[in-house]
file structure-v9.cif (mmCIF, N, CA and C atoms)
data_data
loop_
_atom_site.label_atom_id
_atom_site.label_comp_id
_atom_site.auth_asym_id
_atom_site.auth_seq_id
_atom_site.Cartn_x
_atom_site.Cartn_y
_atom_site.Cartn_z
N MET A 48 9.76 -8.07 10.59
CA MET A 48 9.88 -7.81 9.18
C MET A 48 11.15 -7.05 8.85
N ALA A 49 11.68 -6.28 9.78
CA ALA A 49 12.88 -5.50 9.50
C ALA A 49 14.05 -6.41 9.17
N ALA A 50 14.17 -7.53 9.87
CA ALA A 50 15.27 -8.45 9.59
C ALA A 50 15.15 -9.02 8.18
N THR A 51 13.96 -9.29 7.74
CA THR A 51 13.76 -9.85 6.41
C THR A 51 14.19 -8.87 5.33
N THR A 52 13.77 -7.63 5.44
CA THR A 52 14.13 -6.65 4.42
C THR A 52 15.60 -6.29 4.50
N ASP A 53 16.19 -6.27 5.68
CA ASP A 53 17.62 -6.01 5.81
C ASP A 53 18.42 -7.13 5.17
N ASP A 54 18.00 -8.38 5.39
CA ASP A 54 18.69 -9.52 4.79
C ASP A 54 18.61 -9.45 3.27
N ILE A 55 17.49 -9.04 2.74
CA ILE A 55 17.32 -8.97 1.30
C ILE A 55 18.27 -7.94 0.70
N LYS A 56 18.45 -6.81 1.40
CA LYS A 56 19.32 -5.77 0.89
C LYS A 56 20.79 -6.21 0.89
N GLU A 57 21.19 -7.06 1.83
CA GLU A 57 22.60 -7.40 2.00
C GLU A 57 23.07 -8.56 1.13
N GLU A 58 22.23 -9.53 0.86
CA GLU A 58 22.67 -10.72 0.15
C GLU A 58 21.79 -11.00 -1.05
N GLN A 59 22.38 -11.71 -1.99
CA GLN A 59 21.60 -12.17 -3.14
C GLN A 59 20.75 -13.33 -2.65
N GLY A 60 19.46 -13.20 -2.74
CA GLY A 60 18.58 -14.17 -2.12
C GLY A 60 17.97 -15.15 -3.08
N SER A 61 17.02 -15.86 -2.56
CA SER A 61 16.30 -16.87 -3.30
C SER A 61 15.27 -16.22 -4.22
N PHE A 62 14.57 -17.07 -4.94
CA PHE A 62 13.50 -16.58 -5.81
C PHE A 62 12.43 -15.87 -5.01
N THR A 63 12.10 -16.40 -3.83
CA THR A 63 11.07 -15.79 -2.99
C THR A 63 11.49 -14.39 -2.54
N GLN A 64 12.75 -14.24 -2.17
CA GLN A 64 13.24 -12.92 -1.77
C GLN A 64 13.23 -11.95 -2.94
N LEU A 65 13.61 -12.44 -4.10
CA LEU A 65 13.58 -11.59 -5.30
C LEU A 65 12.15 -11.19 -5.64
N ALA A 66 11.22 -12.13 -5.52
CA ALA A 66 9.80 -11.83 -5.77
C ALA A 66 9.29 -10.80 -4.76
N PHE A 67 9.75 -10.91 -3.52
CA PHE A 67 9.34 -9.97 -2.48
C PHE A 67 9.82 -8.55 -2.82
N VAL A 68 11.05 -8.44 -3.26
CA VAL A 68 11.59 -7.12 -3.63
C VAL A 68 10.81 -6.53 -4.80
N TRP A 69 10.55 -7.33 -5.84
CA TRP A 69 9.81 -6.83 -7.00
C TRP A 69 8.36 -6.50 -6.65
N PHE A 70 7.78 -7.30 -5.77
CA PHE A 70 6.41 -7.02 -5.31
C PHE A 70 6.37 -5.67 -4.58
N LEU A 71 7.32 -5.45 -3.68
CA LEU A 71 7.34 -4.17 -2.95
C LEU A 71 7.58 -3.00 -3.88
N ARG A 72 8.44 -3.16 -4.86
CA ARG A 72 8.70 -2.08 -5.81
C ARG A 72 7.47 -1.79 -6.68
N LEU A 73 6.77 -2.83 -7.09
CA LEU A 73 5.54 -2.65 -7.86
C LEU A 73 4.49 -1.92 -7.02
N MET A 74 4.32 -2.34 -5.77
CA MET A 74 3.36 -1.68 -4.88
C MET A 74 3.78 -0.24 -4.60
N ALA A 75 5.08 0.02 -4.57
CA ALA A 75 5.57 1.39 -4.37
C ALA A 75 5.16 2.28 -5.54
N ALA A 76 5.32 1.78 -6.76
CA ALA A 76 4.94 2.57 -7.93
C ALA A 76 3.44 2.83 -7.95
N ILE A 77 2.66 1.80 -7.67
CA ILE A 77 1.21 1.96 -7.65
C ILE A 77 0.78 2.92 -6.54
N SER A 78 1.41 2.82 -5.39
CA SER A 78 1.08 3.70 -4.26
C SER A 78 1.42 5.15 -4.58
N MET A 79 2.53 5.38 -5.26
CA MET A 79 2.90 6.76 -5.61
C MET A 79 1.90 7.34 -6.60
N ILE A 80 1.52 6.57 -7.58
CA ILE A 80 0.53 7.06 -8.56
C ILE A 80 -0.80 7.34 -7.87
N SER A 81 -1.22 6.45 -7.00
CA SER A 81 -2.47 6.64 -6.27
C SER A 81 -2.39 7.85 -5.35
N GLY A 82 -1.28 7.99 -4.65
CA GLY A 82 -1.10 9.15 -3.77
C GLY A 82 -1.11 10.47 -4.54
N LEU A 83 -0.45 10.48 -5.69
CA LEU A 83 -0.45 11.69 -6.52
C LEU A 83 -1.83 12.00 -7.07
N SER A 84 -2.62 10.95 -7.34
CA SER A 84 -3.99 11.21 -7.80
C SER A 84 -4.84 11.83 -6.69
N TYR A 85 -4.60 11.41 -5.45
CA TYR A 85 -5.30 12.06 -4.33
C TYR A 85 -4.87 13.52 -4.21
N TRP A 86 -3.57 13.79 -4.39
CA TRP A 86 -3.11 15.18 -4.33
C TRP A 86 -3.71 16.01 -5.47
N ALA A 87 -3.81 15.41 -6.64
CA ALA A 87 -4.42 16.13 -7.77
C ALA A 87 -5.88 16.46 -7.47
N GLN A 88 -6.56 15.54 -6.83
CA GLN A 88 -7.95 15.78 -6.45
C GLN A 88 -8.04 16.89 -5.39
N LEU A 89 -7.12 16.83 -4.42
CA LEU A 89 -7.14 17.83 -3.34
C LEU A 89 -6.84 19.23 -3.84
N THR A 90 -5.92 19.33 -4.79
CA THR A 90 -5.52 20.64 -5.29
C THR A 90 -6.37 21.15 -6.43
N GLY A 91 -7.29 20.32 -6.92
CA GLY A 91 -8.18 20.75 -7.98
C GLY A 91 -7.64 20.51 -9.38
N LEU A 92 -6.54 19.77 -9.51
CA LEU A 92 -5.97 19.50 -10.83
C LEU A 92 -6.69 18.38 -11.56
N ALA A 93 -7.34 17.51 -10.82
CA ALA A 93 -8.04 16.38 -11.44
C ALA A 93 -9.43 16.84 -11.89
N ALA A 94 -9.78 16.40 -13.07
CA ALA A 94 -11.11 16.72 -13.60
C ALA A 94 -12.05 15.58 -13.26
N ALA A 95 -12.54 15.58 -12.05
CA ALA A 95 -13.41 14.49 -11.60
C ALA A 95 -14.85 14.98 -11.47
N ASP A 96 -15.72 14.05 -11.20
CA ASP A 96 -17.13 14.38 -11.03
C ASP A 96 -17.41 15.02 -9.68
N LEU A 97 -16.44 14.96 -8.80
CA LEU A 97 -16.64 15.46 -7.44
C LEU A 97 -16.45 16.96 -7.36
N PRO A 98 -17.06 17.60 -6.38
CA PRO A 98 -16.86 19.04 -6.20
C PRO A 98 -15.46 19.33 -5.66
N ARG A 99 -15.16 20.61 -5.55
CA ARG A 99 -13.86 21.01 -4.98
C ARG A 99 -13.70 20.44 -3.58
N PHE A 100 -12.46 20.34 -3.14
CA PHE A 100 -12.16 19.74 -1.85
C PHE A 100 -12.83 20.50 -0.70
N ASP A 101 -12.82 21.81 -0.75
CA ASP A 101 -13.41 22.59 0.35
C ASP A 101 -14.93 22.48 0.39
N GLU A 102 -15.54 22.01 -0.68
CA GLU A 102 -17.00 21.81 -0.70
C GLU A 102 -17.40 20.39 -0.31
N LEU A 103 -16.44 19.50 -0.15
CA LEU A 103 -16.74 18.12 0.23
C LEU A 103 -17.09 18.04 1.71
N PRO A 104 -17.93 17.10 2.09
CA PRO A 104 -18.20 16.90 3.51
C PRO A 104 -16.95 16.40 4.24
N VAL A 105 -16.92 16.60 5.54
CA VAL A 105 -15.74 16.25 6.34
C VAL A 105 -15.45 14.76 6.26
N HIS A 106 -16.48 13.94 6.19
CA HIS A 106 -16.23 12.50 6.14
C HIS A 106 -15.56 12.08 4.82
N TRP A 107 -15.51 12.94 3.82
CA TRP A 107 -14.73 12.70 2.61
C TRP A 107 -13.34 13.31 2.74
N GLN A 108 -13.26 14.46 3.38
CA GLN A 108 -11.99 15.15 3.48
C GLN A 108 -10.96 14.37 4.30
N VAL A 109 -11.40 13.78 5.40
CA VAL A 109 -10.46 13.10 6.30
C VAL A 109 -9.75 11.93 5.61
N PRO A 110 -10.46 10.99 5.01
CA PRO A 110 -9.71 9.90 4.36
C PRO A 110 -8.89 10.35 3.16
N TRP A 111 -9.37 11.34 2.42
CA TRP A 111 -8.60 11.80 1.26
C TRP A 111 -7.28 12.42 1.67
N VAL A 112 -7.32 13.27 2.69
CA VAL A 112 -6.07 13.88 3.16
C VAL A 112 -5.16 12.81 3.76
N SER A 113 -5.73 11.91 4.53
CA SER A 113 -4.94 10.83 5.12
C SER A 113 -4.26 9.99 4.04
N LEU A 114 -5.00 9.62 3.02
CA LEU A 114 -4.43 8.81 1.95
C LEU A 114 -3.44 9.61 1.10
N ALA A 115 -3.68 10.90 0.93
CA ALA A 115 -2.75 11.74 0.17
C ALA A 115 -1.40 11.83 0.87
N VAL A 116 -1.38 11.71 2.18
CA VAL A 116 -0.12 11.72 2.93
C VAL A 116 0.45 10.31 3.06
N LEU A 117 -0.40 9.34 3.41
CA LEU A 117 0.07 7.97 3.66
C LEU A 117 0.66 7.30 2.41
N LEU A 118 0.00 7.41 1.29
CA LEU A 118 0.42 6.66 0.11
C LEU A 118 1.79 7.06 -0.42
N PRO A 119 2.11 8.36 -0.58
CA PRO A 119 3.47 8.67 -1.03
C PRO A 119 4.54 8.29 0.00
N CYS A 120 4.24 8.45 1.29
CA CYS A 120 5.20 8.04 2.31
C CYS A 120 5.40 6.53 2.29
N ALA A 121 4.30 5.79 2.16
CA ALA A 121 4.40 4.33 2.06
C ALA A 121 5.18 3.94 0.81
N SER A 122 4.97 4.65 -0.28
CA SER A 122 5.67 4.37 -1.51
C SER A 122 7.18 4.49 -1.34
N MET A 123 7.62 5.53 -0.69
CA MET A 123 9.06 5.70 -0.45
C MET A 123 9.61 4.58 0.42
N GLY A 124 8.86 4.22 1.46
CA GLY A 124 9.29 3.14 2.33
C GLY A 124 9.32 1.80 1.64
N LEU A 125 8.34 1.54 0.79
CA LEU A 125 8.32 0.29 0.03
C LEU A 125 9.49 0.22 -0.95
N TRP A 126 9.76 1.33 -1.62
CA TRP A 126 10.85 1.34 -2.59
C TRP A 126 12.20 1.11 -1.91
N MET A 127 12.34 1.63 -0.70
CA MET A 127 13.59 1.44 0.05
C MET A 127 13.63 0.12 0.82
N LEU A 128 12.58 -0.68 0.68
CA LEU A 128 12.48 -2.00 1.32
C LEU A 128 12.54 -1.93 2.84
N THR A 129 11.84 -0.95 3.41
CA THR A 129 11.81 -0.81 4.86
C THR A 129 10.53 -1.41 5.44
N SER A 130 10.60 -1.79 6.70
CA SER A 130 9.42 -2.37 7.34
C SER A 130 8.35 -1.31 7.58
N TRP A 131 8.76 -0.07 7.86
CA TRP A 131 7.74 0.97 8.10
C TRP A 131 6.98 1.29 6.82
N GLY A 132 7.60 1.12 5.67
CA GLY A 132 6.90 1.32 4.41
C GLY A 132 5.80 0.29 4.22
N ILE A 133 6.10 -0.95 4.61
CA ILE A 133 5.09 -2.01 4.52
C ILE A 133 3.93 -1.71 5.46
N VAL A 134 4.24 -1.26 6.67
CA VAL A 134 3.20 -0.94 7.65
C VAL A 134 2.31 0.19 7.16
N LEU A 135 2.92 1.27 6.64
CA LEU A 135 2.13 2.39 6.13
C LEU A 135 1.27 1.96 4.94
N TRP A 136 1.82 1.10 4.08
CA TRP A 136 1.06 0.63 2.93
C TRP A 136 -0.12 -0.22 3.36
N VAL A 137 0.08 -1.08 4.34
CA VAL A 137 -1.02 -1.91 4.83
C VAL A 137 -2.11 -1.02 5.45
N ILE A 138 -1.71 -0.02 6.22
CA ILE A 138 -2.69 0.91 6.82
C ILE A 138 -3.48 1.62 5.73
N ALA A 139 -2.78 2.13 4.71
CA ALA A 139 -3.46 2.82 3.61
C ALA A 139 -4.38 1.87 2.84
N SER A 140 -3.94 0.65 2.65
CA SER A 140 -4.77 -0.34 1.94
C SER A 140 -6.04 -0.66 2.72
N VAL A 141 -5.89 -0.86 4.02
CA VAL A 141 -7.07 -1.15 4.86
C VAL A 141 -8.01 0.06 4.86
N LEU A 142 -7.45 1.27 4.90
CA LEU A 142 -8.29 2.47 4.87
C LEU A 142 -9.06 2.56 3.55
N GLU A 143 -8.40 2.27 2.43
CA GLU A 143 -9.11 2.32 1.14
C GLU A 143 -10.14 1.20 1.03
N ILE A 144 -9.84 0.03 1.58
CA ILE A 144 -10.84 -1.05 1.59
C ILE A 144 -12.05 -0.61 2.41
N ALA A 145 -11.81 0.03 3.54
CA ALA A 145 -12.92 0.48 4.38
C ALA A 145 -13.74 1.56 3.68
N VAL A 146 -13.07 2.52 3.07
CA VAL A 146 -13.79 3.64 2.44
C VAL A 146 -14.56 3.17 1.21
N TYR A 147 -13.92 2.41 0.33
CA TYR A 147 -14.54 2.05 -0.94
C TYR A 147 -15.29 0.73 -0.91
N GLY A 148 -15.15 -0.03 0.17
CA GLY A 148 -15.82 -1.31 0.26
C GLY A 148 -16.82 -1.37 1.38
N VAL A 149 -16.33 -1.20 2.61
CA VAL A 149 -17.19 -1.35 3.78
C VAL A 149 -18.20 -0.21 3.87
N TRP A 150 -17.73 1.02 3.69
CA TRP A 150 -18.62 2.19 3.80
C TRP A 150 -18.92 2.77 2.43
N ALA A 151 -19.11 1.92 1.44
CA ALA A 151 -19.34 2.38 0.06
C ALA A 151 -20.61 3.20 -0.07
N ASP A 152 -21.58 3.00 0.83
CA ASP A 152 -22.82 3.79 0.73
C ASP A 152 -22.58 5.24 1.13
N SER A 153 -21.57 5.52 1.93
CA SER A 153 -21.24 6.90 2.32
C SER A 153 -20.23 7.54 1.37
N TYR A 154 -19.51 6.73 0.63
CA TYR A 154 -18.49 7.21 -0.29
C TYR A 154 -18.83 6.71 -1.69
N ILE A 155 -17.81 6.55 -2.52
CA ILE A 155 -17.98 6.01 -3.85
C ILE A 155 -17.66 4.52 -3.78
N SER A 156 -18.45 3.71 -4.43
CA SER A 156 -18.16 2.29 -4.49
C SER A 156 -17.13 2.04 -5.59
N ARG A 157 -15.99 1.49 -5.22
CA ARG A 157 -14.94 1.15 -6.19
C ARG A 157 -14.51 -0.30 -5.95
N PRO A 158 -15.28 -1.24 -6.47
CA PRO A 158 -14.97 -2.65 -6.22
C PRO A 158 -13.62 -3.07 -6.78
N ALA A 159 -13.17 -2.46 -7.86
CA ALA A 159 -11.87 -2.82 -8.43
C ALA A 159 -10.73 -2.45 -7.48
N VAL A 160 -10.85 -1.30 -6.83
CA VAL A 160 -9.83 -0.88 -5.86
C VAL A 160 -9.82 -1.84 -4.67
N VAL A 161 -10.99 -2.18 -4.18
CA VAL A 161 -11.10 -3.10 -3.05
C VAL A 161 -10.52 -4.46 -3.43
N PHE A 162 -10.90 -4.97 -4.59
CA PHE A 162 -10.40 -6.27 -5.05
C PHE A 162 -8.88 -6.25 -5.20
N GLY A 163 -8.35 -5.18 -5.78
CA GLY A 163 -6.90 -5.06 -5.95
C GLY A 163 -6.16 -5.05 -4.63
N HIS A 164 -6.70 -4.34 -3.65
CA HIS A 164 -6.05 -4.30 -2.33
C HIS A 164 -6.11 -5.65 -1.64
N VAL A 165 -7.25 -6.31 -1.75
CA VAL A 165 -7.37 -7.63 -1.11
C VAL A 165 -6.38 -8.61 -1.73
N ILE A 166 -6.28 -8.61 -3.05
CA ILE A 166 -5.32 -9.49 -3.74
C ILE A 166 -3.89 -9.14 -3.33
N ALA A 167 -3.57 -7.85 -3.29
CA ALA A 167 -2.21 -7.44 -2.92
C ALA A 167 -1.88 -7.81 -1.48
N LEU A 168 -2.83 -7.64 -0.57
CA LEU A 168 -2.58 -8.01 0.82
C LEU A 168 -2.44 -9.51 0.98
N LEU A 169 -3.22 -10.28 0.23
CA LEU A 169 -3.06 -11.74 0.26
C LEU A 169 -1.71 -12.16 -0.33
N ALA A 170 -1.28 -11.49 -1.38
CA ALA A 170 0.03 -11.79 -1.96
C ALA A 170 1.14 -11.47 -0.96
N LEU A 171 1.02 -10.34 -0.27
CA LEU A 171 2.01 -9.99 0.76
C LEU A 171 2.05 -11.05 1.85
N ALA A 172 0.89 -11.47 2.31
CA ALA A 172 0.84 -12.50 3.35
C ALA A 172 1.47 -13.80 2.87
N ALA A 173 1.20 -14.18 1.63
CA ALA A 173 1.76 -15.42 1.09
C ALA A 173 3.28 -15.33 0.96
N ILE A 174 3.78 -14.21 0.48
CA ILE A 174 5.23 -14.05 0.34
C ILE A 174 5.90 -14.04 1.70
N LEU A 175 5.31 -13.32 2.67
CA LEU A 175 5.90 -13.30 4.01
C LEU A 175 5.87 -14.67 4.67
N ALA A 176 4.79 -15.42 4.45
CA ALA A 176 4.73 -16.78 5.00
C ALA A 176 5.79 -17.66 4.35
N SER A 177 5.97 -17.51 3.06
CA SER A 177 6.99 -18.29 2.36
C SER A 177 8.39 -17.94 2.85
N LEU A 178 8.65 -16.65 3.06
CA LEU A 178 9.95 -16.23 3.59
C LEU A 178 10.17 -16.75 5.01
N ALA A 179 9.12 -16.73 5.82
CA ALA A 179 9.24 -17.24 7.19
C ALA A 179 9.53 -18.74 7.17
N LEU A 180 8.86 -19.47 6.30
CA LEU A 180 9.10 -20.92 6.19
C LEU A 180 10.52 -21.19 5.71
N GLN A 181 10.96 -20.40 4.76
CA GLN A 181 12.32 -20.55 4.24
C GLN A 181 13.36 -20.30 5.35
N ARG A 182 13.16 -19.25 6.14
CA ARG A 182 14.09 -18.95 7.24
C ARG A 182 14.04 -20.02 8.31
N TYR A 183 12.87 -20.56 8.57
CA TYR A 183 12.74 -21.65 9.55
C TYR A 183 13.53 -22.87 9.10
N ARG A 184 13.39 -23.21 7.81
CA ARG A 184 14.11 -24.37 7.27
C ARG A 184 15.62 -24.16 7.34
N GLU A 185 16.07 -22.93 7.11
CA GLU A 185 17.52 -22.64 7.20
C GLU A 185 18.02 -22.79 8.62
N ARG A 186 17.23 -22.41 9.61
CA ARG A 186 17.64 -22.54 11.00
C ARG A 186 17.67 -24.00 11.45
N VAL A 187 16.71 -24.78 10.98
CA VAL A 187 16.63 -26.19 11.38
C VAL A 187 17.78 -26.97 10.77
N ASN A 188 18.12 -26.68 9.53
CA ASN A 188 19.19 -27.43 8.84
C ASN A 188 20.50 -26.92 9.22
#

call {"tool": "encode", "arguments": {"input": "structure-v9.cif", "output": "structure tokens"}}
result
Amino acid sequence: MAATTDDIKEEQGSFTQLAFVWFLRLMAAISMISGLSYWAQLTGLAAADLPRFDELPVHWQVPWVSLAVLLPCASMGLWMLTSWGIVLWVIASVLEIAVYGVWADSYISRPAVVFGHVIALLALAAILASLALQRYRERVN
């Protein structure tokens, strides 16, 4: 993936490459907002139905702290079009799918978050497959 993002930064690309850049930038903005909301919850700035962070059970504290760190870091990496940003974002997305979807009985059920992550991950896979096909065609021709 590093070669793909490096190529995008250096040359004016196709529509697929432009869509990839805009997709990553959109996911970066969403990830930063989500990460900041986790920080607001951790620091007590958010007015949520949940108790203070120190009163939460450990099985809530671990993913919240992990996501509060992962999402802003992933956001920076996505905005800079780096491969490590994509990896961190995928890890954070899978973690949120697990917390809010798979283990929803232990946490809060948020089907909209799970649906959004699944759609975003499918879009990422489709764009990467399209870029790979495009690069293959360029090599063959």

call {"tool": "axis_aligned_box", "arguments": {"input": "structure-v9.cif", "around": "stretch 161-179 of chain A", "padding_each_side": "3 Å", "output": "JSON"}}
result
{"center_x": -0.5, "center_y": -10.5, "center_z": 0.6, "size_x": 27.3, "size_y": 22.6, "size_z": 19.1}

call {"tool": "closest_atom_pairs", "arguments": {"input": "structure-v9.cif", "of": "stretch 133-157 of chain A", "to": "stretch 165-175 of chain A", "cutoff": "8 Å", "atoms": "only N, CA and C atoms", "output": "Markdown table"}}
result
| residue | atom | partner | partner_atom | distance |
| --- | --- | --- | --- | --- |
| A:Val137 | CA | A:Leu168 | CA | 7.5 |
| A:Ser140 | C | A:Val165 | N | 7.3 |
| A:Ile144 | CA | A:Val165 | N | 7.2 |

call {"tool": "write_last_selection", "arguments": {"input": "structure-v9.cif", "atoms": "N, CA and C atoms", "output": "PDB file, in the coordinates of the input"}}
result
ATOM      1  N   VAL A 137       0.080  -1.080   4.340  1.00  0.00           N
ATOM      2  CA  VAL A 137      -1.020  -1.910   4.830  1.00  0.00           C
ATOM      3  C   VAL A 137      -2.110  -1.020   5.450  1.00  0.00           C
ATOM      4  N   SER A 140      -3.940   0.650   2.650  1.00  0.00           N
ATOM      5  CA  SER A 140      -4.770  -0.340   1.940  1.00  0.00           C
ATOM      6  C   SER A 140      -6.040  -0.660   2.720  1.00  0.00           C
ATOM      7  N   ILE A 144      -9.840   0.030   1.580  1.00  0.00           N
ATOM      8  CA  ILE A 144     -10.840  -1.050   1.590  1.00  0.00           C
ATOM      9  C   ILE A 144     -12.050  -0.610   2.410  1.00  0.00           C
TER      10      ILE A 144
END

call {"tool": "closest_residue", "arguments": {"input": "structure-v9.cif", "among": "A:Asn188, A:Ser78, A:Gln64, A:Ser177", "to": "A:Met123", "atoms": "all atoms listed in the file"}}
result
A:Ser78

call {"tool": "residues_around", "arguments": {"input": "structure-v9.cif", "residues": "stretch 112-114 of chain A", "least_positions_apart": "4", "cutoff": "6.5 Å", "atoms": "only N, CA and C atoms", "output": "ChimeraX atom specification"}}
result
/A:82,85,107-108,118-119,139

call {"tool": "select_by_dssp", "arguments": {"input": "structure-v9.cif", "residues": "chain A", "states": "helix (DSSP H, G or I)", "output": "PyMOL selection string"}}
result
chain A and resi 49-57+62-90+100-102+105-126+130-149+158-187

call {"tool": "closest_residue", "arguments": {"input": "structure-v9.cif", "among": "A:Leu178, A:Ala159, A:Leu142, A:Leu117", "to": "A:Gly60", "atoms": "only C-alpha atoms"}}
result
A:Leu178
